[in-house]
Amino acid sequence: MLAGVFESPGVFALRERATPALQNDDDVLLRVRACGICGTDVHILANPSPIPVQPGSILGHEYTASVVQVGARVSQSQPGDCVVVDPSITCGVCEYCRRGLLNCCLAIATLGVTRDGGLAEFNIAPARALHKIRAEVPAHLAALAEPLACVINGAEKIHVQPGEAALILGAGPIGLLFAQFFRAAGAAQIIVSEISDARAQIARDNGAHLVVNPQTQDLVALVKRETGIGADVVVDAVGALFDVAVQAVRRGGRILLFGFNSHAAPKISQSIITRGEIAIHGSYIAKHSFPRAVQLIESGTLPLAKLITHRFALNDAASAIETMRRGEGIKILVEP
Ligand SMILES: [Zn+2]
Ligand SMILES: [Zn+2]
């Protein structure tokens, strides 16, 4: 089969690989229908890579598939099922798993990062990673289940209420999923901060009431003017804008730190947080949120198709990676 692999630091390649075979009784053989390209894939392919990945490993952690074959002990899935895949395989026995904090697992493995993923014609996943999705849901929408499940995990921490004002920093796929989600939750004002003109236009089409370019406009002043006192909630979908979030949120408001950048070390005026009783939440990947992501996709509540700007065949996966590297488009899909 054809597979998109991490060839060596900084290098992506398409390679012929043997079709994988079931190894364990709880394994499922999947035929991949669609796989999203994520910022994490671009990080993996940076040189040096901040994420340790074995050379030759198949990328892709945002995928939907149909079940081809199941192991002897699999009862939840059967051949022909359409599924989405939770790529995070937790150990179940560490101190965090025992506390139900699965995304904090000390021995977490990830399909498409530390194990072969879905940027290929076939993939093997353990049955417990699979969530069934209705066959009528088009594959390109089902492929959004993983980022949507991560967004739901974050949104649950700051529970936007009808009538509230939300500020979202960054209009990539995650920022725009938050915009759609908050719009559906009844937010009265959604302000998006984005430096790319192309992404700003897409943000307007995805529920943003106001899009601000922080390089040419005073973002904090605009947020204060539009809301009167500051945003009720702020989401940092970039991962380096904690300081901006602290200035733009109102007293008693909530900040969600979602984007991940291990080099970011913003200078924070801690007293603003204390004086304003600002609640700060970190959010990392998904946690118990795949079932809701599937329900949300099946219901058609969110206009998810608007986020998909590029669709490539598997033999053109290198173009998909390059498009993502250039920061073009929003959600880029590969469809084997
Ligand atoms: Zn991702
Ligand atoms: Zn664990």
# chains A, B, ... in the order shown; residues from 1 in each chain; ligands from 1
call {"tool": "select_by_dssp", "arguments": {"residues": "segment 36-278 of chain A", "states": "helix (DSSP H, G or I)", "output": "PyMOL selection string"}}
result
chain A and resi 39-44+97-99+102-104+127-129+139-142+145-158+173-184+197-205+219-227+242-248+270-276
call {"tool": "residues_around", "arguments": {"residues": "segment 18-28 of chain A", "least_positions_apart": "5", "cutoff": "8 Å", "atoms": "only C-alpha atoms", "output": "CSV table (one decimal) with N, CA and C atoms, in the first residue's frame"}}
result
chain,number,residue,atom,x,y,z
A,1,MET,N,0.8,-1.2,0.0
A,1,MET,CA,0.0,0.0,0.0
A,1,MET,C,0.9,1.2,0.0
A,67,VAL,N,-14.1,-0.4,8.6
A,67,VAL,CA,-13.5,-1.6,9.2
A,67,VAL,C,-13.5,-2.7,8.2
A,68,VAL,N,-12.3,-3.3,8.0
A,68,VAL,CA,-12.1,-4.4,7.1
A,68,VAL,C,-12.1,-5.8,7.8
A,69,GLN,N,-11.4,-5.8,8.9
A,69,GLN,CA,-11.2,-7.1,9.6
A,69,GLN,C,-11.0,-6.9,11.1
A,70,VAL,N,-11.6,-7.7,11.9
A,70,VAL,CA,-11.4,-7.5,13.4
A,70,VAL,C,-10.7,-8.7,14.0
A,71,GLY,N,-10.0,-8.4,15.1
A,71,GLY,CA,-9.3,-9.5,15.9
A,71,GLY,C,-10.4,-10.4,16.6
A,72,ALA,N,-9.9,-11.5,17.2
A,72,ALA,CA,-10.7,-12.5,17.8
A,72,ALA,C,-11.6,-12.0,19.0
A,73,ARG,N,-11.0,-11.0,19.7
A,73,ARG,CA,-11.7,-10.5,20.9
A,73,ARG,C,-12.5,-9.2,20.7
A,74,VAL,N,-12.6,-8.8,19.4
A,74,VAL,CA,-13.3,-7.5,19.2
A,74,VAL,C,-14.8,-7.8,19.0
A,122,PHE,N,-4.3,1.7,4.4
A,122,PHE,CA,-4.7,0.8,5.5
A,122,PHE,C,-4.0,1.2,6.8
A,123,ASN,N,-4.6,0.8,7.9
A,123,ASN,CA,-4.0,1.1,9.3
A,123,ASN,C,-4.6,0.1,10.2
A,124,ILE,N,-3.8,-0.2,11.3
A,124,ILE,CA,-4.2,-1.0,12.4
A,124,ILE,C,-4.4,-0.2,13.6
A,125,ALA,N,-5.6,-0.3,14.3
A,125,ALA,CA,-5.8,0.4,15.5
A,125,ALA,C,-6.5,-0.5,16.5
A,126,PRO,N,-6.3,-0.3,17.8
A,126,PRO,CA,-7.0,-1.2,18.8
A,126,PRO,C,-8.5,-0.8,18.7
A,127,ALA,N,-9.3,-1.8,19.0
A,127,ALA,CA,-10.8,-1.5,18.9
A,127,ALA,C,-11.2,-0.4,19.8
call {"tool": "closest_residue", "arguments": {"among": "A:Leu333, A:Cys150, A:Ile89, A:Leu169", "to": "ligand 2", "atoms": "only C-alpha atoms and all ligand atoms"}}
result
A:Ile89
call {"tool": "residues_near_ligand", "arguments": {"ligand": "ligand 1", "cutoff": "8 Å", "atoms": "only C-alpha atoms and all ligand atoms", "output": "list in words"}}
result
Gly36, Ile37, Cys38, Gly39, Thr40, Asp41, His61, Glu62, Glu146 and Pro147 of chain A
call {"tool": "write_last_selection", "arguments": {"atoms": "N, CA and C atoms", "output": "short mmCIF file (atom, residue, chain, number, x, y, z; two decimals), in the first residue's frame"}}
result
data_model
loop_
_atom_site.label_atom_id
_atom_site.label_comp_id
_atom_site.auth_asym_id
_atom_site.auth_seq_id
_atom_site.Cartn_x
_atom_site.Cartn_y
_atom_site.Cartn_z
N GLY A 36 -6.97 14.12 7.92
CA GLY A 36 -6.64 15.54 7.96
C GLY A 36 -5.15 15.74 8.20
N ILE A 37 -4.62 16.83 7.62
CA ILE A 37 -3.24 17.24 7.92
C ILE A 37 -3.35 18.29 9.02
N CYS A 38 -2.50 18.16 10.04
CA CYS A 38 -2.61 18.99 11.24
C CYS A 38 -1.30 19.76 11.43
N GLY A 39 -1.37 20.85 12.17
CA GLY A 39 -0.16 21.59 12.51
C GLY A 39 0.87 20.70 13.18
N THR A 40 0.40 19.70 13.92
CA THR A 40 1.32 18.76 14.58
C THR A 40 2.17 18.01 13.55
N ASP A 41 1.57 17.67 12.39
CA ASP A 41 2.34 16.97 11.35
C ASP A 41 3.48 17.86 10.85
N HIS A 61 -3.02 11.58 12.21
CA HIS A 61 -3.75 11.20 13.43
C HIS A 61 -5.20 11.70 13.42
N GLU A 62 -5.63 12.29 12.29
CA GLU A 62 -7.01 12.79 12.21
C GLU A 62 -7.71 12.03 11.09
N GLU A 146 -11.48 14.28 15.21
CA GLU A 146 -10.38 14.40 16.20
C GLU A 146 -10.18 15.86 16.63
N PRO A 147 -9.97 16.80 15.69
CA PRO A 147 -9.84 18.19 16.18
C PRO A 147 -11.11 18.68 16.90
#
call {"tool": "closest_residue", "arguments": {"among": "A:Glu7, A:Glu328, A:Asp81, A:Asp243", "to": "Ala46 of chain A", "atoms": "only C-alpha atoms"}}
result
A:Glu7
call {"tool": "residues_near_ligand", "arguments": {"ligand": "ligand 2", "cutoff": "10 Å", "atoms": "only C-alpha atoms and all ligand atoms", "output": "PDB file with C-alpha atoms, in the first residue's frame"}}
result
ATOM      1  CA  ILE A  89      -3.828   5.123  23.136  1.00  0.00           C
ATOM      2  CA  THR A  90      -3.616   5.339  26.915  1.00  0.00           C
ATOM      3  CA  CYS A  91      -2.104   2.742  29.235  1.00  0.00           C
ATOM      4  CA  GLY A  92      -5.050   2.424  31.632  1.00  0.00           C
ATOM      5  CA  VAL A  93      -2.850   1.675  34.653  1.00  0.00           C
ATOM      6  CA  CYS A  94      -0.744   4.775  35.397  1.00  0.00           C
ATOM      7  CA  GLU A  95      -1.676   7.141  38.235  1.00  0.00           C
ATOM      8  CA  TYR A  96      -3.389   9.542  35.788  1.00  0.00           C
ATOM      9  CA  CYS A  97      -5.365   6.897  33.910  1.00  0.00           C
ATOM     10  CA  ARG A  98      -6.552   5.592  37.312  1.00  0.00           C
ATOM     11  CA  ARG A  99      -7.820   9.084  38.098  1.00  0.00           C
ATOM     12  CA  GLY A 100      -9.708   9.284  34.787  1.00  0.00           C
ATOM     13  CA  LEU A 101      -7.249  11.866  33.428  1.00  0.00           C
ATOM     14  CA  LEU A 102      -6.588   9.877  30.258  1.00  0.00           C
ATOM     15  CA  ASN A 103      -5.033  12.755  28.317  1.00  0.00           C
ATOM     16  CA  CYS A 104      -2.441  13.093  31.115  1.00  0.00           C
ATOM     17  CA  CYS A 105      -1.416   9.399  30.780  1.00  0.00           C
ATOM     18  CA  LEU A 106       2.284   8.948  31.486  1.00  0.00           C
ATOM     19  CA  ALA A 107       2.659   6.229  28.820  1.00  0.00           C
ATOM     20  CA  ILE A 108       0.411   7.654  26.096  1.00  0.00           C
ATOM     21  CA  ALA A 109       1.019   6.408  22.536  1.00  0.00           C
TER      22      ALA A 109
END
